[in-house]
file coords21.cif (mmCIF, C-alpha atoms)
data_input
#
loop_
_atom_site.label_atom_id
_atom_site.label_comp_id
_atom_site.auth_asym_id
_atom_site.auth_seq_id
_atom_site.Cartn_x
_atom_site.Cartn_y
_atom_site.Cartn_z
CA MET A 1 -138.94 51.12 35.88
CA TYR A 2 -141.88 50.46 33.55
CA ASN A 3 -143.82 53.59 34.53
CA LYS A 4 -140.76 55.85 34.60
CA ILE A 5 -138.85 54.66 31.53
CA ILE A 6 -140.47 51.99 29.37
CA LYS A 7 -144.06 53.27 29.34
CA PRO A 8 -143.15 56.85 28.31
CA LEU A 9 -140.94 55.43 25.58
CA LEU A 10 -143.64 53.10 24.26
CA PHE A 11 -146.33 55.76 24.51
CA SER A 12 -144.15 58.13 22.49
CA LEU A 13 -144.56 55.70 19.59
CA GLY A 14 -147.69 55.00 17.60
CA ILE A 15 -149.70 52.20 19.14
CA GLU A 16 -148.99 49.71 16.38
CA GLN A 17 -145.29 50.61 16.43
CA ALA A 18 -145.23 50.09 20.20
CA HIS A 19 -147.07 46.78 19.84
CA SER A 20 -144.59 45.54 17.22
CA ALA A 21 -141.68 46.58 19.46
CA VAL A 22 -143.13 44.64 22.40
CA ILE A 23 -143.73 41.56 20.24
CA LEU A 24 -140.14 41.70 18.97
CA MET A 25 -138.75 42.18 22.47
CA LEU A 26 -140.72 39.25 23.90
CA ARG A 27 -139.84 36.96 20.99
CA THR A 28 -136.18 37.83 21.49
CA ILE A 29 -136.38 37.07 25.21
CA GLY A 30 -138.04 33.76 24.36
CA LEU A 31 -135.12 32.80 22.14
CA ILE A 32 -132.53 33.48 24.85
CA PRO A 33 -131.77 30.40 26.98
CA GLY A 34 -133.38 31.01 30.35
CA GLY A 35 -135.27 34.07 29.09
CA ARG A 36 -138.73 32.77 29.94
CA TRP A 37 -137.47 31.49 33.29
CA LEU A 38 -136.32 35.01 34.16
CA LEU A 39 -139.72 36.43 33.21
CA ARG A 40 -141.43 33.87 35.45
CA LYS A 41 -139.00 34.66 38.25
CA PHE A 42 -139.75 38.38 38.13
CA TYR A 43 -143.45 38.40 37.27
CA THR A 44 -145.32 35.15 37.96
CA VAL A 45 -147.30 34.73 41.19
CA ARG A 46 -148.17 31.14 42.10
CA SER A 47 -150.53 30.13 44.87
CA PRO A 48 -152.97 27.23 45.25
CA LYS A 49 -155.41 29.77 46.70
CA ILE A 50 -156.12 31.22 43.23
CA GLU A 51 -155.98 28.07 41.10
CA LYS A 52 -159.24 27.34 39.29
CA GLU A 53 -160.95 24.43 37.56
CA VAL A 54 -163.21 25.74 34.80
CA PHE A 55 -164.85 23.80 31.94
CA GLY A 56 -162.59 20.83 32.63
CA LEU A 57 -159.32 22.79 32.52
CA HIS A 58 -156.93 23.62 35.35
CA PHE A 59 -155.88 27.28 35.53
CA ASN A 60 -152.90 28.32 37.65
CA ASN A 61 -154.70 31.62 38.15
CA PRO A 62 -157.87 33.21 36.73
CA ILE A 63 -156.15 36.15 34.97
CA GLY A 64 -156.06 35.75 31.19
CA LEU A 65 -154.80 37.81 28.26
CA ALA A 66 -157.66 38.73 25.96
CA ALA A 67 -157.58 38.20 22.21
CA GLY A 68 -156.10 40.98 20.11
CA PHE A 69 -152.65 41.22 21.66
CA ASP A 70 -151.11 37.96 20.41
CA ARG A 71 -153.00 37.83 17.12
CA ASN A 72 -150.97 35.05 15.50
CA GLY A 73 -149.88 32.95 18.47
CA GLU A 74 -146.31 34.23 18.38
CA ILE A 75 -145.71 35.03 22.04
CA PHE A 76 -148.20 33.05 24.14
CA ARG A 77 -145.33 31.27 25.93
CA GLU A 78 -143.76 34.59 26.89
CA MET A 79 -147.12 36.03 27.99
CA SER A 80 -147.64 32.99 30.19
CA SER A 81 -144.21 33.66 31.71
CA LEU A 82 -145.38 37.19 32.57
CA GLY A 83 -147.91 35.58 34.90
CA PHE A 84 -151.07 35.08 32.86
CA GLY A 85 -153.07 32.00 33.79
CA PHE A 86 -154.17 31.59 30.17
CA VAL A 87 -153.69 33.32 26.84
CA GLU A 88 -156.29 33.76 24.11
CA ILE A 89 -154.74 34.27 20.69
CA GLY A 90 -156.35 35.77 17.60
CA THR A 91 -158.74 36.71 16.28
CA ILE A 92 -157.68 34.13 13.68
CA THR A 93 -159.36 34.14 10.28
CA PRO A 94 -159.05 31.43 7.60
CA GLU A 95 -156.97 33.62 5.29
CA SER A 96 -154.51 36.36 6.10
CA GLN A 97 -155.99 39.85 6.12
CA GLY A 98 -154.46 43.27 6.61
CA GLY A 99 -157.34 44.88 8.47
CA ASN A 100 -158.71 48.37 8.06
CA PRO A 101 -156.76 51.37 6.74
CA ARG A 102 -154.50 53.20 9.19
CA PRO A 103 -154.74 55.02 11.54
CA ARG A 104 -157.03 52.50 13.18
CA ILE A 105 -156.21 52.44 16.91
CA PHE A 106 -156.00 55.41 19.26
CA ARG A 107 -155.06 56.05 22.89
CA LEU A 108 -157.32 58.07 25.17
CA PRO A 109 -155.01 58.51 28.19
CA LEU A 110 -157.43 60.83 30.00
CA ASP A 111 -159.93 57.96 30.04
CA ASN A 112 -157.54 55.00 30.36
CA SER A 113 -159.04 53.80 27.12
CA LEU A 114 -158.35 52.73 23.55
CA VAL A 115 -160.48 53.13 20.44
CA ASN A 116 -159.81 50.47 17.83
CA ARG A 117 -161.14 49.72 14.39
CA MET A 118 -158.38 47.30 13.48
CA GLY A 119 -160.57 45.01 11.38
CA MET A 120 -158.84 41.90 12.80
CA PRO A 121 -155.46 41.93 11.01
CA ASN A 122 -153.76 38.55 11.26
CA ARG A 123 -151.71 36.15 9.18
CA GLY A 124 -154.37 33.49 8.91
CA LEU A 125 -154.90 29.86 9.82
CA LYS A 126 -151.67 28.39 8.47
CA THR A 127 -149.49 30.79 10.45
CA ALA A 128 -151.42 30.13 13.65
CA ILE A 129 -150.96 26.39 13.22
CA ARG A 130 -147.24 26.86 12.64
CA HIS A 131 -146.93 28.63 16.00
CA LEU A 132 -149.26 26.30 17.91
CA ARG A 133 -148.12 22.90 16.66
CA HIS A 134 -145.20 22.74 19.08
CA PRO A 135 -146.18 21.36 22.51
CA HIS A 136 -147.22 23.94 25.10
CA LYS A 137 -147.75 21.75 28.14
CA GLY A 138 -148.75 23.71 31.21
CA ILE A 139 -149.95 26.72 29.19
CA ILE A 140 -153.66 27.08 28.47
CA VAL A 141 -154.17 28.59 25.01
CA GLY A 142 -157.52 29.65 23.65
CA CYS A 143 -158.20 30.40 20.00
CA ASN A 144 -160.48 33.31 19.15
CA ILE A 145 -161.88 32.58 15.68
CA GLY A 146 -163.73 34.73 13.16
CA LYS A 147 -164.65 34.90 9.51
CA ASN A 148 -162.68 36.95 7.01
CA THR A 149 -164.16 40.43 6.72
CA ALA A 150 -164.91 40.03 3.02
CA THR A 151 -166.81 36.77 3.52
CA PRO A 152 -170.62 37.13 3.25
CA HIS A 153 -172.56 36.15 6.37
CA GLN A 154 -174.31 33.35 4.51
CA GLU A 155 -170.89 31.69 4.01
CA ALA A 156 -169.58 32.37 7.51
CA ALA A 157 -170.51 29.02 9.08
CA GLY A 158 -168.15 27.20 6.75
CA GLU A 159 -165.26 29.46 7.71
CA TYR A 160 -165.82 29.00 11.45
CA LEU A 161 -165.99 25.25 10.98
CA ARG A 162 -162.79 25.24 8.91
CA LEU A 163 -160.95 27.11 11.66
CA PHE A 164 -162.39 24.94 14.42
CA ARG A 165 -161.60 21.70 12.62
CA ASN A 166 -158.01 22.61 11.72
CA LEU A 167 -157.09 24.17 15.08
CA TYR A 168 -158.89 21.58 17.20
CA GLN A 169 -155.83 19.54 18.12
CA TYR A 170 -153.74 22.59 19.03
CA ALA A 171 -156.02 24.74 21.22
CA ASP A 172 -157.36 24.17 24.73
CA TYR A 173 -160.60 26.07 24.11
CA PHE A 174 -162.27 28.18 21.42
CA THR A 175 -163.98 31.56 21.51
CA VAL A 176 -166.39 32.26 18.67
CA ASN A 177 -166.19 35.94 17.71
CA LEU A 178 -169.25 36.99 15.73
CA ASN A 179 -168.50 40.71 15.60
CA CYS A 180 -166.02 40.37 12.79
CA ASP A 181 -165.61 43.90 11.52
CA ASN A 182 -164.57 46.47 14.08
CA ALA A 183 -165.67 49.29 11.79
CA SER A 184 -169.27 48.08 11.61
CA ARG A 185 -172.22 47.67 13.95
CA GLU A 186 -173.34 44.37 12.49
CA GLY A 187 -172.71 42.61 15.79
CA LEU A 188 -175.79 44.33 17.17
CA THR A 189 -178.11 42.70 14.67
CA PHE A 190 -177.15 39.08 15.27
CA THR A 191 -180.15 36.92 15.96
CA LYS A 192 -180.54 33.70 17.90
CA GLU A 193 -180.98 31.87 14.58
CA TYR A 194 -177.72 33.26 13.20
CA MET A 195 -175.74 32.37 16.30
CA LEU A 196 -177.05 28.79 16.21
CA HIS A 197 -176.27 28.65 12.48
CA ILE A 198 -172.62 29.30 13.36
CA LEU A 199 -172.43 27.18 16.51
CA ASN A 200 -174.29 24.00 15.56
CA PRO A 201 -171.69 22.75 13.01
CA LEU A 202 -169.01 23.17 15.69
CA PHE A 203 -171.04 21.13 18.17
CA ASP A 204 -171.59 18.43 15.53
CA PHE A 205 -167.87 18.22 14.71
CA ARG A 206 -166.88 18.01 18.38
CA ARG A 207 -169.21 15.07 18.99
CA GLY A 208 -167.05 12.94 16.71
CA GLN A 209 -163.75 13.75 18.42
CA ASN A 210 -161.93 11.80 21.12
CA GLN A 211 -160.81 14.98 22.86
CA PHE A 212 -163.10 17.64 24.29
CA ARG A 213 -162.53 21.31 23.50
CA PRO A 214 -164.77 23.90 25.22
CA ILE A 215 -166.63 26.31 22.94
CA LEU A 216 -167.35 29.83 24.19
CA LEU A 217 -169.24 32.72 22.60
CA LYS A 218 -167.99 36.31 22.90
CA VAL A 219 -170.74 38.89 23.27
CA SER A 220 -170.94 42.63 22.68
CA PRO A 221 -171.67 45.17 25.43
CA ASP A 222 -173.92 46.95 22.93
CA MET A 223 -176.38 44.06 22.76
CA THR A 224 -179.90 44.75 23.95
CA ASP A 225 -181.24 43.01 27.04
CA GLN A 226 -183.29 40.73 24.79
CA MET A 227 -180.17 39.73 22.85
CA ILE A 228 -178.34 39.03 26.11
CA ASP A 229 -181.25 36.83 27.18
CA ASP A 230 -181.08 35.01 23.83
CA VAL A 231 -177.38 34.37 24.30
CA THR A 232 -177.98 33.08 27.81
CA ASP A 233 -180.75 30.79 26.57
CA ILE A 234 -178.36 29.37 23.97
CA LEU A 235 -175.88 28.76 26.77
CA THR A 236 -178.41 26.86 28.86
CA THR A 237 -180.07 24.84 26.07
CA THR A 238 -177.18 23.84 23.78
CA PRO A 239 -173.71 22.29 24.25
CA LEU A 240 -172.17 25.80 24.44
CA ASP A 241 -169.70 25.75 27.33
CA GLY A 242 -169.45 29.40 28.36
CA ILE A 243 -169.60 33.10 27.55
CA VAL A 244 -166.89 35.72 27.18
CA ALA A 245 -168.37 39.08 28.18
CA THR A 246 -167.57 41.49 26.65
CA ASN A 247 -165.97 42.88 23.52
CA GLY A 248 -165.44 46.64 23.07
CA THR A 249 -168.28 49.14 22.80
CA HIS A 250 -169.33 51.58 20.10
CA GLU A 251 -170.99 53.75 22.74
CA ARG A 252 -169.06 56.78 23.99
CA GLY A 253 -170.91 58.05 27.07
CA LYS A 254 -169.28 60.61 29.34
CA LEU A 255 -165.55 60.98 28.64
CA ASN A 256 -162.74 63.23 29.79
CA THR A 257 -161.37 63.35 26.25
CA SER A 258 -162.74 66.35 24.35
CA CYS A 259 -165.62 65.86 21.94
CA SER A 260 -163.54 67.31 19.11
CA ASN A 261 -160.84 64.68 19.58
CA ILE A 262 -163.44 61.92 19.74
CA LYS A 263 -164.97 63.15 16.48
CA LYS A 264 -161.52 63.19 14.85
CA ILE A 265 -160.97 59.58 15.88
CA GLY A 266 -164.31 58.46 14.47
CA ASN A 267 -165.79 54.97 14.60
CA GLY A 268 -164.41 51.96 16.45
CA PHE A 269 -164.57 49.81 19.54
CA MET A 270 -163.82 51.56 22.83
CA SER A 271 -162.14 49.56 25.59
CA GLY A 272 -160.81 50.38 29.03
CA THR A 273 -162.38 52.30 31.91
CA PRO A 274 -165.50 53.51 30.03
CA LEU A 275 -166.46 49.86 29.52
CA THR A 276 -166.08 48.64 33.10
CA GLU A 277 -169.60 49.10 34.44
CA ARG A 278 -171.37 47.76 31.37
CA SER A 279 -169.21 44.63 31.23
CA ILE A 280 -169.83 43.88 34.90
CA GLU A 281 -173.55 44.48 34.39
CA ILE A 282 -173.73 42.01 31.49
CA VAL A 283 -171.80 39.35 33.40
CA ARG A 284 -174.24 39.75 36.29
CA LYS A 285 -177.24 39.46 33.94
CA ILE A 286 -175.92 36.27 32.34
CA HIS A 287 -174.91 34.79 35.69
CA THR A 288 -178.34 35.49 37.19
CA ARG A 289 -180.38 34.23 34.22
CA SER A 290 -178.30 31.05 33.90
CA GLY A 291 -178.53 30.32 37.60
CA GLY A 292 -174.79 30.64 38.08
CA SER A 293 -174.29 27.18 36.61
CA TYR A 294 -172.26 28.03 33.51
CA PRO A 295 -168.74 29.45 33.17
CA ILE A 296 -168.30 33.12 32.30
CA ILE A 297 -165.05 34.87 31.39
CA GLY A 298 -165.36 38.52 32.38
CA CYS A 299 -163.61 40.87 29.98
CA GLY A 300 -163.75 44.59 29.30
CA GLY A 301 -162.62 47.56 31.36
CA LEU A 302 -160.65 45.63 33.99
CA MET A 303 -158.07 48.24 34.90
CA THR A 304 -157.54 47.67 38.64
CA PRO A 305 -157.62 44.85 41.19
CA ASP A 306 -160.94 46.25 42.44
CA ASP A 307 -162.41 45.97 38.92
CA VAL A 308 -161.41 42.30 38.86
CA ARG A 309 -162.87 41.71 42.32
CA ARG A 310 -166.19 43.25 41.30
CA MET A 311 -166.26 41.29 38.05
CA MET A 312 -165.77 38.01 39.89
CA GLU A 313 -168.37 38.94 42.48
CA ALA A 314 -170.77 39.55 39.57
CA GLY A 315 -170.32 35.94 38.49
CA ALA A 316 -167.17 35.65 36.37
CA ASP A 317 -165.16 32.48 36.91
CA LEU A 318 -162.17 33.83 34.99
CA VAL A 319 -161.22 37.27 33.67
CA GLN A 320 -159.27 38.64 30.72
CA VAL A 321 -157.37 41.90 30.41
CA TYR A 322 -156.05 43.81 27.43
CA THR A 323 -156.22 47.60 27.80
CA GLY A 324 -155.40 47.28 31.50
CA PHE A 325 -152.24 45.40 30.57
CA ILE A 326 -151.24 48.10 28.06
CA PHE A 327 -151.73 50.94 30.55
CA ASN A 328 -150.34 49.16 33.63
CA GLY A 329 -147.48 47.17 32.15
CA PRO A 330 -145.96 43.70 32.59
CA GLN A 331 -146.42 43.66 36.36
CA PHE A 332 -150.21 43.92 35.99
CA PRO A 333 -151.11 40.18 35.95
CA GLY A 334 -148.89 39.66 39.00
CA ASP A 335 -150.50 42.60 40.81
CA LEU A 336 -153.95 41.15 40.11
CA CYS A 337 -152.89 37.73 41.34
CA ARG A 338 -151.41 39.15 44.55
CA SER A 339 -154.66 40.98 45.17
CA LEU A 340 -156.64 37.78 44.68
CA VAL A 341 -154.33 35.88 47.05
CA ALA A 342 -154.80 38.59 49.67
CA GLN A 343 -158.59 38.40 49.24
CA ALA A 344 -158.52 34.61 49.62
CA GLU A 345 -156.42 34.86 52.78
CA GLU A 346 -158.75 37.48 54.25
CA GLN A 347 -161.76 35.26 53.53
CA GLU A 348 -160.00 32.36 55.25
CA ARG A 349 -159.34 34.52 58.31
CA GLN A 350 -162.96 35.64 58.45
CA THR A 351 -164.19 32.08 58.07
CA ALA A 352 -161.84 30.85 60.77
CA ALA A 353 -162.94 33.63 63.11
CA ALA A 354 -166.61 32.86 62.48
CA CYS A 355 -166.11 29.16 63.15
CA ALA A 356 -163.94 29.57 66.23
CA PRO A 357 -165.69 28.38 69.42
CA GLU A 358 -166.72 31.14 71.80
CA THR A 359 -165.00 31.11 75.16
CA ASP A 360 -166.99 31.74 78.29
CA THR A 361 -166.35 35.05 79.96
CA PRO A 362 -164.90 34.45 83.46
CA GLN A 363 -167.31 35.34 86.24
CA ALA A 364 -166.23 38.03 88.69
#
call {"tool": "encode", "arguments": {"input": "coords21.cif", "output": "structure tokens"}}
result
Amino acid sequence: MYNKIIKPLLFSLGIEQAHSAVILMLRTIGLIPGGRWLLRKFYTVRSPKIEKEVFGLHFNNPIGLAAGFDRNGEIFREMSSLGFGFVEIGTITPESQGGNPRPRIFRLPLDNSLVNRMGMPNRGLKTAIRHLRHPHKGIIVGCNIGKNTATPHQEAAGEYLRLFRNLYQYADYFTVNLNCDNASREGLTFTKEYMLHILNPLFDFRRGQNQFRPILLKVSPDMTDQMIDDVTDILTTTPLDGIVATNGTHERGKLNTSCSNIKKIGNGFMSGTPLTERSIEIVRKIHTRSGGSYPIIGCGGLMTPDDVRRMMEAGADLVQVYTGFIFNGPQFPGDLCRSLVAQAEEQERQTAAACAPETDTPQA
């Protein structure tokens, strides 16, 4: 039904129009008594074989919704009912901001990709708190936080701390997003000193709290190998709890979409299939350098169950999807979970076969 009716209808709209329609539809379902129960009934896959314990939290499954879809925390309950094991909201900034001028997000259907220079539109900290302050027991919610675009970098640490401090009691974990302007390439120039300048006040604040909230850092696929090593060294030498790898890329590479159309679109983050290999590569680099001892959330270009399998084999403990969800529809998290259950069952069969005692062959 989704591929034959709903997807063509949504894809006939502009992306932001389609997104608003989906948000409205899900909020409406959430207001109907039994609406979320019906979503869970149709879409959620539960199995102890795919439950995970990561940075002190219990995940019903390792498939998460990446930041950018539920920017203000309006529909995380409904997204959980669609089968996601966790939902990351945001990016949240201290004050409301409208983002970059439109058009600012584009579909590349020939490449199963999106190009986005949204500029992190959201309604700000107060709105996020209003949506999060009601109990959400059983739903893991992460907050992706960033500075307002107009804020100078020298003032950024104060904004991250303000967000962290005020959202601390409402979120289950935090992702620090340093690449705060999707129309720029400033994320490529971040140094180890700058990252620590942002992170250290968060570590200091957390030390004085009774409750523990994991802090993760989201990295860019366009970082150099040296920058990836610096990030990994921060992970292994500070109280940082994990890495989210990766954001979108400014690189274009080989695409099926014509060069003229790409030039018309212009600057922005590319997500989807063109990002798959680079994201997996970066997760593998971080996993190897850190000795496999620190949690990694693999994100970027996960469009199929095989992409998820490869990402987890590279070292990801959890994964997040965004573009894959848009192109594949509401059944996508369930499809990924069923694939993971099947993989777990196959591994159990292989293990059982390997451990089974050999029987002697009867003598003639």
call {"tool": "residues_around", "arguments": {"input": "coords21.cif", "residues": "A:Glu159", "least_positions_apart": "5", "cutoff": "12 Å", "atoms": "all atoms listed in the file", "output": "ChimeraX atom specification"}}
result
/A:92-95,124-125,145-154,164-166,176-178,198-199,201-202
call {"tool": "atom_distance", "arguments": {"input": "coords21.cif", "atom1": "atom CA of A:Phe325", "atom2": "atom CA of A:Thr276"}}
result
14.4 Å
call {"tool": "closest_residue", "arguments": {"input": "coords21.cif", "among": "A:Pro121, A:Pro305, A:Gly208, A:Gly90", "to": "A:Leu163", "atoms": "only C-alpha atoms"}}
result
A:Gly90
call {"tool": "residues_around", "arguments": {"input": "coords21.cif", "residues": "A:Lys52", "least_positions_apart": "4", "cutoff": "7 Å", "atoms": "only C-alpha atoms", "output": "PyMOL selection string"}}
result
chain A and resi 58-62
call {"tool": "resolve_selection", "arguments": {"input": "coords21.cif", "expression": "the PyMOL selection byres ((chain A and resi 300) around 10)", "output": "PyMOL selection string"}}
result
chain A and resi 66+220-221+244-249+270-280+298-299+301-303+307+311+319-324
call {"tool": "closest_residue", "arguments": {"input": "coords21.cif", "among": "A:Asn210, A:Gln17, A:Thr127, A:Asn267", "to": "A:Arg252", "atoms": "all atoms listed in the file"}}
result
A:Asn267
call {"tool": "atom_distance", "arguments": {"input": "coords21.cif", "atom1": "atom CA of A:Ala314", "atom2": "atom CA of A:Tyr173"}}
result
22.9 Å
call {"tool": "atom_distance", "arguments": {"input": "coords21.cif", "atom1": "atom CA of A:Ala156", "atom2": "atom CA of A:Asn200"}}
result
12.5 Å
call {"tool": "decode", "arguments": {"input": "coords21.cif", "residues": "stretch 188-198 of chain A", "atoms": "all heavy atoms", "output": "mmCIF file, in the first residue's frame"}}
result
data_model
loop_
_atom_site.group_PDB
_atom_site.id
_atom_site.type_symbol
_atom_site.label_atom_id
_atom_site.label_comp_id
_atom_site.auth_asym_id
_atom_site.auth_seq_id
_atom_site.Cartn_x
_atom_site.Cartn_y
_atom_site.Cartn_z
ATOM 1 N N LEU A 188 34.475 20.818 8.773
ATOM 2 C CA LEU A 188 35.728 20.181 8.379
ATOM 3 C C LEU A 188 36.922 20.789 9.090
ATOM 4 O O LEU A 188 38.000 20.212 9.096
ATOM 5 C CB LEU A 188 35.921 20.296 6.862
ATOM 6 C CG LEU A 188 34.782 19.755 5.996
ATOM 7 C CD1 LEU A 188 35.164 19.839 4.529
ATOM 8 C CD2 LEU A 188 34.446 18.327 6.368
ATOM 9 N N THR A 189 36.769 21.958 9.650
ATOM 10 C CA THR A 189 37.913 22.650 10.234
ATOM 11 C C THR A 189 37.964 22.511 11.753
ATOM 12 O O THR A 189 38.837 23.093 12.383
ATOM 13 C CB THR A 189 37.864 24.148 9.876
ATOM 14 O OG1 THR A 189 36.689 24.740 10.459
ATOM 15 C CG2 THR A 189 37.829 24.344 8.370
ATOM 16 N N PHE A 190 37.043 21.767 12.343
ATOM 17 C CA PHE A 190 37.027 21.647 13.790
ATOM 18 C C PHE A 190 38.283 20.929 14.286
ATOM 19 O O PHE A 190 38.654 19.875 13.777
ATOM 20 C CB PHE A 190 35.789 20.901 14.256
ATOM 21 C CG PHE A 190 34.522 21.717 14.172
ATOM 22 C CD1 PHE A 190 33.294 21.125 14.386
ATOM 23 C CD2 PHE A 190 34.559 23.073 13.906
ATOM 24 C CE1 PHE A 190 32.127 21.869 14.321
ATOM 25 C CE2 PHE A 190 33.411 23.827 13.836
ATOM 26 C CZ PHE A 190 32.181 23.224 14.040
ATOM 27 N N THR A 191 38.870 21.501 15.285
ATOM 28 C CA THR A 191 40.088 20.928 15.852
ATOM 29 C C THR A 191 39.780 20.184 17.146
ATOM 30 O O THR A 191 38.694 20.304 17.718
ATOM 31 C CB THR A 191 41.086 22.054 16.170
ATOM 32 O OG1 THR A 191 40.513 22.902 17.187
ATOM 33 C CG2 THR A 191 41.397 22.881 14.925
ATOM 34 N N LYS A 192 40.768 19.435 17.602
ATOM 35 C CA LYS A 192 40.625 18.715 18.870
ATOM 36 C C LYS A 192 40.373 19.698 20.013
ATOM 37 O O LYS A 192 39.551 19.445 20.902
ATOM 38 C CB LYS A 192 41.900 17.907 19.120
ATOM 39 C CG LYS A 192 41.818 16.907 20.247
ATOM 40 C CD LYS A 192 43.072 16.046 20.264
ATOM 41 C CE LYS A 192 42.990 14.965 21.329
ATOM 42 N NZ LYS A 192 44.194 14.098 21.313
ATOM 43 N N GLU A 193 41.052 20.846 19.957
ATOM 44 C CA GLU A 193 40.888 21.864 21.007
ATOM 45 C C GLU A 193 39.460 22.406 21.025
ATOM 46 O O GLU A 193 38.872 22.614 22.094
ATOM 47 C CB GLU A 193 41.885 23.003 20.794
ATOM 48 C CG GLU A 193 43.343 22.633 21.051
ATOM 49 C CD GLU A 193 43.934 21.743 19.969
ATOM 50 O OE1 GLU A 193 43.414 21.760 18.816
ATOM 51 O OE2 GLU A 193 44.897 21.004 20.275
ATOM 52 N N TYR A 194 38.898 22.639 19.838
ATOM 53 C CA TYR A 194 37.536 23.176 19.779
ATOM 54 C C TYR A 194 36.530 22.157 20.302
ATOM 55 O O TYR A 194 35.614 22.497 21.067
ATOM 56 C CB TYR A 194 37.177 23.566 18.344
ATOM 57 C CG TYR A 194 35.793 24.161 18.228
ATOM 58 C CD1 TYR A 194 35.557 25.504 18.511
ATOM 59 C CD2 TYR A 194 34.709 23.378 17.855
ATOM 60 C CE1 TYR A 194 34.291 26.049 18.420
ATOM 61 C CE2 TYR A 194 33.430 23.909 17.770
ATOM 62 C CZ TYR A 194 33.232 25.245 18.043
ATOM 63 O OH TYR A 194 31.963 25.774 17.971
ATOM 64 N N MET A 195 36.690 20.908 19.908
ATOM 65 C CA MET A 195 35.758 19.881 20.373
ATOM 66 C C MET A 195 35.793 19.763 21.899
ATOM 67 O O MET A 195 34.752 19.653 22.551
ATOM 68 C CB MET A 195 36.080 18.549 19.699
ATOM 69 C CG MET A 195 35.719 18.522 18.224
ATOM 70 S SD MET A 195 35.935 16.898 17.438
ATOM 71 C CE MET A 195 37.701 16.942 17.077
ATOM 72 N N LEU A 196 36.984 19.781 22.472
ATOM 73 C CA LEU A 196 37.094 19.712 23.933
ATOM 74 C C LEU A 196 36.534 20.960 24.595
ATOM 75 O O LEU A 196 35.967 20.895 25.693
ATOM 76 C CB LEU A 196 38.555 19.504 24.330
ATOM 77 C CG LEU A 196 39.130 18.128 24.010
ATOM 78 C CD1 LEU A 196 40.632 18.093 24.277
ATOM 79 C CD2 LEU A 196 38.417 17.045 24.806
ATOM 80 N N HIS A 197 36.665 22.102 23.937
ATOM 81 C CA HIS A 197 36.102 23.357 24.437
ATOM 82 C C HIS A 197 34.581 23.243 24.578
ATOM 83 O O HIS A 197 33.993 23.778 25.528
ATOM 84 C CB HIS A 197 36.465 24.490 23.478
ATOM 85 C CG HIS A 197 35.832 25.803 23.801
ATOM 86 N ND1 HIS A 197 36.144 26.514 24.943
ATOM 87 C CD2 HIS A 197 34.887 26.534 23.136
ATOM 88 C CE1 HIS A 197 35.427 27.638 24.960
ATOM 89 N NE2 HIS A 197 34.658 27.665 23.888
ATOM 90 N N ILE A 198 33.940 22.530 23.661
ATOM 91 C CA ILE A 198 32.496 22.318 23.723
ATOM 92 C C ILE A 198 32.138 21.235 24.730
ATOM 93 O O ILE A 198 31.182 21.369 25.513
ATOM 94 C CB ILE A 198 31.952 21.928 22.333
ATOM 95 C CG1 ILE A 198 32.213 23.044 21.317
ATOM 96 C CG2 ILE A 198 30.465 21.594 22.408
ATOM 97 C CD1 ILE A 198 31.504 24.340 21.586
#
